[in-house]
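*Asks:* File data04.txt below, compact mmCIF, C-alpha atoms:
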```txt
# COMPACT_ATOMS: atom_id res chain seq x y z
CA MET A 1 -22.05 -21.56 24.89
CA ASN A 2 -24.16 -19.78 22.33
CA SER A 3 -24.94 -16.53 24.14
CA VAL A 4 -24.76 -14.63 27.41
CA ASN A 5 -26.87 -11.79 28.74
CA ILE A 6 -25.40 -8.44 29.76
CA ILE A 7 -27.16 -6.24 32.30
CA VAL A 8 -26.89 -2.52 31.52
CA ARG A 9 -27.69 -0.04 34.29
CA PHE A 10 -28.10 3.68 33.58
CA LYS A 11 -29.52 5.90 36.30
CA LYS A 12 -32.78 4.19 37.27
CA SER A 13 -33.18 2.05 34.15
CA ILE A 14 -32.01 -1.52 33.60
CA MET A 15 -31.71 -3.18 30.20
CA ILE A 16 -30.67 -6.72 29.32
CA HIS A 17 -28.93 -7.49 26.04
CA GLU A 18 -27.89 -10.83 24.58
CA ILE A 19 -24.34 -11.29 23.31
CA GLY A 20 -24.00 -14.12 20.82
CA SER A 21 -21.68 -15.02 17.98
CA GLU A 22 -21.88 -11.53 16.44
CA LYS A 23 -19.94 -8.57 17.88
CA VAL A 24 -22.27 -6.20 19.71
CA ILE A 25 -21.31 -2.51 19.65
CA PHE A 26 -22.31 -0.34 22.60
CA GLY A 27 -22.44 3.41 22.09
CA ARG A 28 -24.44 6.62 21.91
CA ALA A 29 -25.07 6.49 18.14
CA GLU A 30 -28.38 5.20 16.84
CA HIS A 31 -26.57 2.76 14.53
CA ALA A 32 -24.80 1.08 17.49
CA SER A 33 -26.11 -2.40 18.28
CA VAL A 34 -26.99 -1.20 21.79
CA THR A 35 -27.71 2.52 22.07
CA LEU A 36 -26.66 3.97 25.42
CA PRO A 37 -28.57 7.12 26.45
CA ASP A 38 -25.50 8.74 27.98
CA PRO A 39 -23.88 11.85 26.46
CA SER A 40 -20.47 10.88 27.89
CA CYS A 41 -20.42 7.71 25.73
CA SER A 42 -18.85 7.77 22.30
CA GLY A 43 -20.95 6.97 19.24
CA GLN A 44 -19.28 3.55 19.01
CA HIS A 45 -17.77 3.13 22.45
CA CYS A 46 -16.88 -0.55 22.83
CA GLN A 47 -17.80 -3.99 21.57
CA LEU A 48 -18.56 -7.25 23.35
CA TYR A 49 -18.40 -10.69 21.78
CA LEU A 50 -17.86 -14.36 22.55
CA LYS A 51 -14.49 -15.84 21.61
CA ASP A 52 -13.31 -19.37 22.46
CA GLY A 53 -16.06 -19.73 25.07
CA PHE A 54 -15.27 -16.46 26.87
CA LEU A 55 -16.86 -13.04 26.81
CA MET A 56 -14.50 -10.42 25.42
CA ILE A 57 -14.60 -6.62 25.46
CA GLN A 58 -12.70 -4.13 23.33
CA ASP A 59 -12.72 -0.36 23.55
CA LEU A 60 -13.25 1.26 20.14
CA GLU A 61 -10.95 4.24 20.72
CA SER A 62 -13.62 5.99 22.77
CA LYS A 63 -12.96 9.51 24.01
CA ASN A 64 -13.73 8.85 27.70
CA GLY A 65 -12.57 5.24 27.84
CA THR A 66 -13.97 1.90 28.91
CA PHE A 67 -13.33 0.95 32.53
CA ILE A 68 -13.28 -2.54 34.01
CA ASN A 69 -13.25 -2.59 37.80
CA ASN A 70 -12.19 1.09 37.82
CA HIS A 71 -9.23 0.53 35.46
CA ARG A 72 -9.21 2.03 31.99
CA LYS A 73 -8.85 -0.62 29.29
CA GLU A 74 -7.97 0.07 25.68
CA LEU A 75 -7.14 -3.40 24.36
CA GLN A 76 -9.20 -6.52 23.91
CA GLN A 77 -9.76 -8.20 27.27
CA LYS A 78 -11.51 -11.26 28.69
CA LEU A 79 -14.39 -10.51 31.06
CA TYR A 80 -15.17 -12.42 34.25
CA ILE A 81 -18.50 -12.83 36.06
CA ASP A 82 -17.60 -10.41 38.85
CA ASP A 83 -16.32 -7.63 36.57
CA ILE A 84 -18.06 -4.26 36.49
CA ILE A 85 -17.76 -2.44 33.17
CA GLN A 86 -18.23 1.32 33.16
CA ILE A 87 -19.01 3.27 30.02
CA GLY A 88 -19.65 6.88 31.03
CA ASP A 89 -22.44 6.65 33.60
CA CYS A 90 -23.58 3.23 32.33
CA TYR A 91 -22.59 0.11 34.22
CA LEU A 92 -22.54 -3.33 32.61
CA SER A 93 -22.28 -6.73 34.26
CA ILE A 94 -22.70 -10.35 33.23
CA ASP A 95 -26.06 -11.94 34.06
CA THR A 96 -25.09 -15.25 35.67
CA SER A 97 -28.64 -16.57 36.09
CA ASN A 98 -28.47 -18.66 32.89
CA LEU A 99 -24.90 -19.91 33.34
CA SER A 100 -24.26 -23.46 34.48
CA LEU A 101 -22.06 -24.11 37.48
CA ILE A 102 -19.23 -25.16 35.17
CA GLN A 103 -19.53 -21.93 33.19
CA LYS A 104 -19.57 -19.89 36.40
CA GLN A 105 -16.36 -21.55 37.53
CA LYS A 106 -14.72 -21.09 34.12
CA TRP A 107 -15.65 -17.41 34.07
CA ARG A 108 -14.39 -16.59 37.59
CA ASN A 109 -11.38 -14.30 37.75
CA PRO A 110 -8.44 -16.49 38.85
CA GLU A 111 -6.77 -13.47 40.47
CA LYS A 112 -9.73 -12.95 42.82
CA ILE A 113 -10.13 -16.55 44.00
CA GLY A 114 -9.23 -16.81 47.67
CA GLN A 115 -9.11 -13.06 48.35
CA ASN A 116 -11.79 -13.24 51.03
CA SER A 117 -10.75 -15.92 53.52
CA LYS A 118 -13.83 -15.19 55.67
CA ASP A 119 -16.01 -16.44 52.83
CA VAL A 120 -15.27 -20.14 53.37
CA SER A 121 -18.40 -21.51 51.81
CA MET A 122 -18.55 -19.50 48.60
CA LEU A 123 -20.75 -21.67 46.49
CA ALA A 124 -23.19 -24.46 47.16
CA GLU A 125 -25.39 -25.35 44.23
CA GLN A 126 -27.10 -28.38 42.86
CA GLU A 127 -26.53 -29.33 39.26
CA ASN A 128 -27.23 -32.63 37.55
CA GLY A 129 -27.96 -34.36 40.86
CA TYR A 130 -24.69 -33.39 42.55
CA GLU A 131 -24.04 -31.00 45.36
CA ILE A 132 -20.89 -29.01 44.72
CA THR A 133 -19.30 -26.91 47.43
CA ILE A 134 -16.22 -24.82 46.85
CA SER A 135 -14.20 -23.53 49.74
CA ARG A 136 -12.11 -20.45 49.07
CA LYS A 137 -10.04 -20.77 52.23
CA GLU A 138 -9.06 -24.36 51.62
CA GLY A 139 -8.97 -24.07 47.85
CA ARG A 140 -10.64 -27.47 47.59
CA ARG A 141 -13.71 -28.71 45.83
CA SER A 142 -15.83 -31.50 47.18
CA VAL A 143 -18.34 -33.23 44.95
CA ALA A 144 -20.70 -35.73 46.45
CA SER A 145 -23.80 -37.39 45.14
CA ASN A 146 -27.03 -36.21 46.74
CA GLN A 147 -27.86 -39.90 47.23
CA TYR A 148 -24.70 -40.31 49.31
CA HIS A 149 -25.69 -37.37 51.54
CA GLN A 150 -29.20 -38.76 51.90
CA LYS A 151 -27.88 -42.22 52.85
CA SER A 152 -25.52 -40.68 55.41
CA ARG A 153 -28.37 -38.72 56.97
CA ASN A 154 -30.55 -41.83 57.10
CA LYS A 155 -27.81 -43.87 58.84
CA LYS A 156 -27.31 -41.18 61.48
CA GLY A 157 -31.03 -41.09 62.20
CA ALA A 158 -31.31 -44.90 62.52
```
Just dump the structure as structure tokens.
*Replies:*
Amino acid sequence: MNSVNIIVRFKKSIMIHEIGSEKVIFGRAEHASVTLPDPSCSGQHCQLYLKDGFLMIQDLESKNGTFINNHRKELQQKLYIDDIIQIGDCYLSIDTSNLSLIQKQKWRNPEKIGQNSKDVSMLAEQENGYEITISRKEGRRSVASNQYHQKSRNKKGA
């Protein structure tokens, strides 16, 4: 993976920033890579970067802290696709629209898998000609060729 997009929400504005091989510093200062228009942010608040195929975040000793899912974080930490990052009144999240199904699975928080047993059919997508369905309740993955499903439907109709 070469880059990932981060969605930044502040009041009624939305910005999208690309995170690639270089560390991207978020903060209030004009010399930050991404300038956040929030007075409660530090000049250099935190940094995001890719490491070993994962998106990482690190607080840069900010005054008001960097929060991930309402928990203050001060050390380097891996981010997952369902994490909400709060920097002052700015909220950051990972844009999953450009991630492949494999990347989405790799970036899911393993602690949150299976928390919602009512959500049995969590994911049904098509990628590379295969239909992949993941069931949280069962904890199983079924992968079947679209051709197989089409043949099964044709046999039932015959």
*Asks:* So what do you get for CA of Arg108 in chain A versus CA of Lys73 in chain A, distance-wise?
*Replies:* 18.8 Å
*Asks:* Name the closest residue to Ser40 in chain A among the candidates A:Lys106, A:Ser100, A:Arg28, A:Ile68; distances are taken between atoms, counting all atoms listed in the file.
*Replies:*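 That would be A:Arg28, the residue with the smallest distance to Ser40 in chain A.
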*Asks:* Neighbouring residues of range 51-63 of chain A were defined as those with any atom within 7 Å, considering only C-alpha atoms; residues of the same chain fewer than 6 positions away were excluded. Please report them as a list in words.
*Replies:* Met1, Ser42, Gln44, His45, Lys73, Glu74, Leu75, Gln76, Gln77, Lys78 and Leu79 of chain A
*Asks:* Would you write out those residues with C-alpha atoms, as a PDB file, in the coordinates of the input?
*Replies:*
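Printed below is part31.pdb as written:
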```pdb
ATOM      1  CA  MET A   1     -22.050 -21.560  24.890  1.00  0.00           C
ATOM      2  CA  SER A  42     -18.850   7.770  22.300  1.00  0.00           C
ATOM      3  CA  GLN A  44     -19.280   3.550  19.010  1.00  0.00           C
ATOM      4  CA  HIS A  45     -17.770   3.130  22.450  1.00  0.00           C
ATOM      5  CA  LYS A  73      -8.850  -0.620  29.290  1.00  0.00           C
ATOM      6  CA  GLU A  74      -7.970   0.070  25.680  1.00  0.00           C
ATOM      7  CA  LEU A  75      -7.140  -3.400  24.360  1.00  0.00           C
ATOM      8  CA  GLN A  76      -9.200  -6.520  23.910  1.00  0.00           C
ATOM      9  CA  GLN A  77      -9.760  -8.200  27.270  1.00  0.00           C
ATOM     10  CA  LYS A  78     -11.510 -11.260  28.690  1.00  0.00           C
ATOM     11  CA  LEU A  79     -14.390 -10.510  31.060  1.00  0.00           C
TER      12      LEU A  79
END
```
*Asks:* When distances are computed from only C-alpha atoms, which of A:Phe10, A:His31, A:Leu50, A:Ser3 shows the smallest separation from Leu92 in chain A?
*Replies:*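 Of A:Phe10, A:His31, A:Leu50, A:Ser3, the one nearest Leu92 in chain A is A:Phe10, counting only C-alpha atoms.
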*Asks:* Residues around (-32.0, -13.8, 25.7), cut-off 12 Å, counting only C-alpha atoms - what are they as a ChimeraX atom specification?
*Replies:* /A:2-7,15-20,95,97-98
*Asks:* Assuming the input is short of atoms at range 44-55 of chain A, produce all heavy atoms for that part as a PDB file, in the coordinates of the input.
*Replies:*
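selection-v2.pdb, written as the output of this step:
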```pdb
ATOM      1  N   GLN A  44     -19.599   4.975  18.960  1.00  0.00           N
ATOM      2  CA  GLN A  44     -19.280   3.550  19.010  1.00  0.00           C
ATOM      3  C   GLN A  44     -18.220   3.404  20.083  1.00  0.00           C
ATOM      4  O   GLN A  44     -17.037   3.589  19.835  1.00  0.00           O
ATOM      5  CB  GLN A  44     -18.784   3.052  17.652  1.00  0.00           C
ATOM      6  CG  GLN A  44     -19.858   3.060  16.605  1.00  0.00           C
ATOM      7  CD  GLN A  44     -19.425   2.346  15.336  1.00  0.00           C
ATOM      8  OE1 GLN A  44     -18.350   1.760  15.244  1.00  0.00           O
ATOM      9  NE2 GLN A  44     -20.286   2.386  14.339  1.00  0.00           N
ATOM     10  N   HIS A  45     -18.645   3.073  21.285  1.00  0.00           N
ATOM     11  CA  HIS A  45     -17.770   3.130  22.450  1.00  0.00           C
ATOM     12  C   HIS A  45     -16.921   1.863  22.627  1.00  0.00           C
ATOM     13  O   HIS A  45     -15.717   1.924  22.755  1.00  0.00           O
ATOM     14  CB  HIS A  45     -18.615   3.386  23.705  1.00  0.00           C
ATOM     15  CG  HIS A  45     -17.823   3.904  24.846  1.00  0.00           C
ATOM     16  ND1 HIS A  45     -17.749   5.245  25.147  1.00  0.00           N
ATOM     17  CD2 HIS A  45     -17.056   3.270  25.754  1.00  0.00           C
ATOM     18  CE1 HIS A  45     -16.973   5.418  26.195  1.00  0.00           C
ATOM     19  NE2 HIS A  45     -16.540   4.223  26.578  1.00  0.00           N
ATOM     20  N   CYS A  46     -17.594   0.728  22.653  1.00  0.00           N
ATOM     21  CA  CYS A  46     -16.880  -0.550  22.830  1.00  0.00           C
ATOM     22  C   CYS A  46     -17.705  -1.662  22.206  1.00  0.00           C
ATOM     23  O   CYS A  46     -18.856  -1.471  21.849  1.00  0.00           O
ATOM     24  CB  CYS A  46     -16.602  -0.826  24.306  1.00  0.00           C
ATOM     25  SG  CYS A  46     -18.071  -1.181  25.280  1.00  0.00           S
ATOM     26  N   GLN A  47     -17.078  -2.827  22.092  1.00  0.00           N
ATOM     27  CA  GLN A  47     -17.800  -3.990  21.570  1.00  0.00           C
ATOM     28  C   GLN A  47     -17.583  -5.175  22.487  1.00  0.00           C
ATOM     29  O   GLN A  47     -16.526  -5.328  23.092  1.00  0.00           O
ATOM     30  CB  GLN A  47     -17.370  -4.314  20.145  1.00  0.00           C
ATOM     31  CG  GLN A  47     -15.926  -4.681  19.971  1.00  0.00           C
ATOM     32  CD  GLN A  47     -15.555  -4.881  18.513  1.00  0.00           C
ATOM     33  OE1 GLN A  47     -16.365  -4.708  17.613  1.00  0.00           O
ATOM     34  NE2 GLN A  47     -14.306  -5.256  18.271  1.00  0.00           N
ATOM     35  N   LEU A  48     -18.613  -6.010  22.587  1.00  0.00           N
ATOM     36  CA  LEU A  48     -18.560  -7.250  23.350  1.00  0.00           C
ATOM     37  C   LEU A  48     -18.851  -8.392  22.407  1.00  0.00           C
ATOM     38  O   LEU A  48     -19.668  -8.253  21.490  1.00  0.00           O
ATOM     39  CB  LEU A  48     -19.579  -7.244  24.485  1.00  0.00           C
ATOM     40  CG  LEU A  48     -19.155  -6.587  25.795  1.00  0.00           C
ATOM     41  CD1 LEU A  48     -19.097  -5.094  25.668  1.00  0.00           C
ATOM     42  CD2 LEU A  48     -20.077  -6.994  26.909  1.00  0.00           C
ATOM     43  N   TYR A  49     -18.194  -9.527  22.636  1.00  0.00           N
ATOM     44  CA  TYR A  49     -18.400 -10.690  21.780  1.00  0.00           C
ATOM     45  C   TYR A  49     -17.865 -11.931  22.476  1.00  0.00           C
ATOM     46  O   TYR A  49     -17.066 -11.847  23.411  1.00  0.00           O
ATOM     47  CB  TYR A  49     -17.703 -10.508  20.425  1.00  0.00           C
ATOM     48  CG  TYR A  49     -16.240 -10.156  20.528  1.00  0.00           C
ATOM     49  CD1 TYR A  49     -15.257 -11.138  20.447  1.00  0.00           C
ATOM     50  CD2 TYR A  49     -15.833  -8.833  20.717  1.00  0.00           C
ATOM     51  CE1 TYR A  49     -13.919 -10.810  20.554  1.00  0.00           C
ATOM     52  CE2 TYR A  49     -14.495  -8.503  20.816  1.00  0.00           C
ATOM     53  CZ  TYR A  49     -13.543  -9.498  20.738  1.00  0.00           C
ATOM     54  OH  TYR A  49     -12.217  -9.175  20.857  1.00  0.00           O
ATOM     55  N   LEU A  50     -18.348 -13.078  22.035  1.00  0.00           N
ATOM     56  CA  LEU A  50     -17.860 -14.360  22.550  1.00  0.00           C
ATOM     57  C   LEU A  50     -16.707 -14.841  21.675  1.00  0.00           C
ATOM     58  O   LEU A  50     -16.781 -14.776  20.450  1.00  0.00           O
ATOM     59  CB  LEU A  50     -18.972 -15.401  22.558  1.00  0.00           C
ATOM     60  CG  LEU A  50     -20.082 -15.172  23.586  1.00  0.00           C
ATOM     61  CD1 LEU A  50     -21.210 -16.157  23.366  1.00  0.00           C
ATOM     62  CD2 LEU A  50     -19.542 -15.273  25.000  1.00  0.00           C
ATOM     63  N   LYS A  51     -15.644 -15.308  22.327  1.00  0.00           N
ATOM     64  CA  LYS A  51     -14.490 -15.840  21.610  1.00  0.00           C
ATOM     65  C   LYS A  51     -13.923 -17.006  22.421  1.00  0.00           C
ATOM     66  O   LYS A  51     -13.596 -16.837  23.594  1.00  0.00           O
ATOM     67  CB  LYS A  51     -13.423 -14.752  21.446  1.00  0.00           C
ATOM     68  CG  LYS A  51     -12.183 -15.215  20.713  1.00  0.00           C
ATOM     69  CD  LYS A  51     -11.170 -14.092  20.586  1.00  0.00           C
ATOM     70  CE  LYS A  51      -9.908 -14.576  19.907  1.00  0.00           C
ATOM     71  NZ  LYS A  51      -8.897 -13.513  19.863  1.00  0.00           N
ATOM     72  N   ASP A  52     -13.847 -18.168  21.812  1.00  0.00           N
ATOM     73  CA  ASP A  52     -13.310 -19.370  22.460  1.00  0.00           C
ATOM     74  C   ASP A  52     -13.991 -19.659  23.796  1.00  0.00           C
ATOM     75  O   ASP A  52     -13.350 -20.061  24.755  1.00  0.00           O
ATOM     76  CB  ASP A  52     -11.794 -19.237  22.660  1.00  0.00           C
ATOM     77  CG  ASP A  52     -11.044 -19.059  21.353  1.00  0.00           C
ATOM     78  OD1 ASP A  52     -11.499 -19.623  20.335  1.00  0.00           O
ATOM     79  OD2 ASP A  52     -10.012 -18.359  21.337  1.00  0.00           O
ATOM     80  N   GLY A  53     -15.303 -19.422  23.860  1.00  0.00           N
ATOM     81  CA  GLY A  53     -16.060 -19.730  25.070  1.00  0.00           C
ATOM     82  C   GLY A  53     -15.984 -18.677  26.155  1.00  0.00           C
ATOM     83  O   GLY A  53     -16.475 -18.895  27.263  1.00  0.00           O
ATOM     84  N   PHE A  54     -15.378 -17.541  25.892  1.00  0.00           N
ATOM     85  CA  PHE A  54     -15.270 -16.460  26.870  1.00  0.00           C
ATOM     86  C   PHE A  54     -15.880 -15.192  26.310  1.00  0.00           C
ATOM     87  O   PHE A  54     -15.884 -14.966  25.105  1.00  0.00           O
ATOM     88  CB  PHE A  54     -13.806 -16.199  27.238  1.00  0.00           C
ATOM     89  CG  PHE A  54     -13.213 -17.262  28.106  1.00  0.00           C
ATOM     90  CD1 PHE A  54     -12.452 -18.274  27.543  1.00  0.00           C
ATOM     91  CD2 PHE A  54     -13.420 -17.261  29.471  1.00  0.00           C
ATOM     92  CE1 PHE A  54     -11.900 -19.265  28.337  1.00  0.00           C
ATOM     93  CE2 PHE A  54     -12.876 -18.248  30.269  1.00  0.00           C
ATOM     94  CZ  PHE A  54     -12.116 -19.250  29.706  1.00  0.00           C
ATOM     95  N   LEU A  55     -16.350 -14.345  27.204  1.00  0.00           N
ATOM     96  CA  LEU A  55     -16.860 -13.040  26.810  1.00  0.00           C
ATOM     97  C   LEU A  55     -15.699 -12.064  26.754  1.00  0.00           C
ATOM     98  O   LEU A  55     -14.915 -11.968  27.697  1.00  0.00           O
ATOM     99  CB  LEU A  55     -17.910 -12.549  27.814  1.00  0.00           C
ATOM    100  CG  LEU A  55     -18.598 -11.242  27.474  1.00  0.00           C
ATOM    101  CD1 LEU A  55     -19.371 -11.353  26.161  1.00  0.00           C
ATOM    102  CD2 LEU A  55     -19.535 -10.832  28.599  1.00  0.00           C
TER     103      LEU A  55
END
```
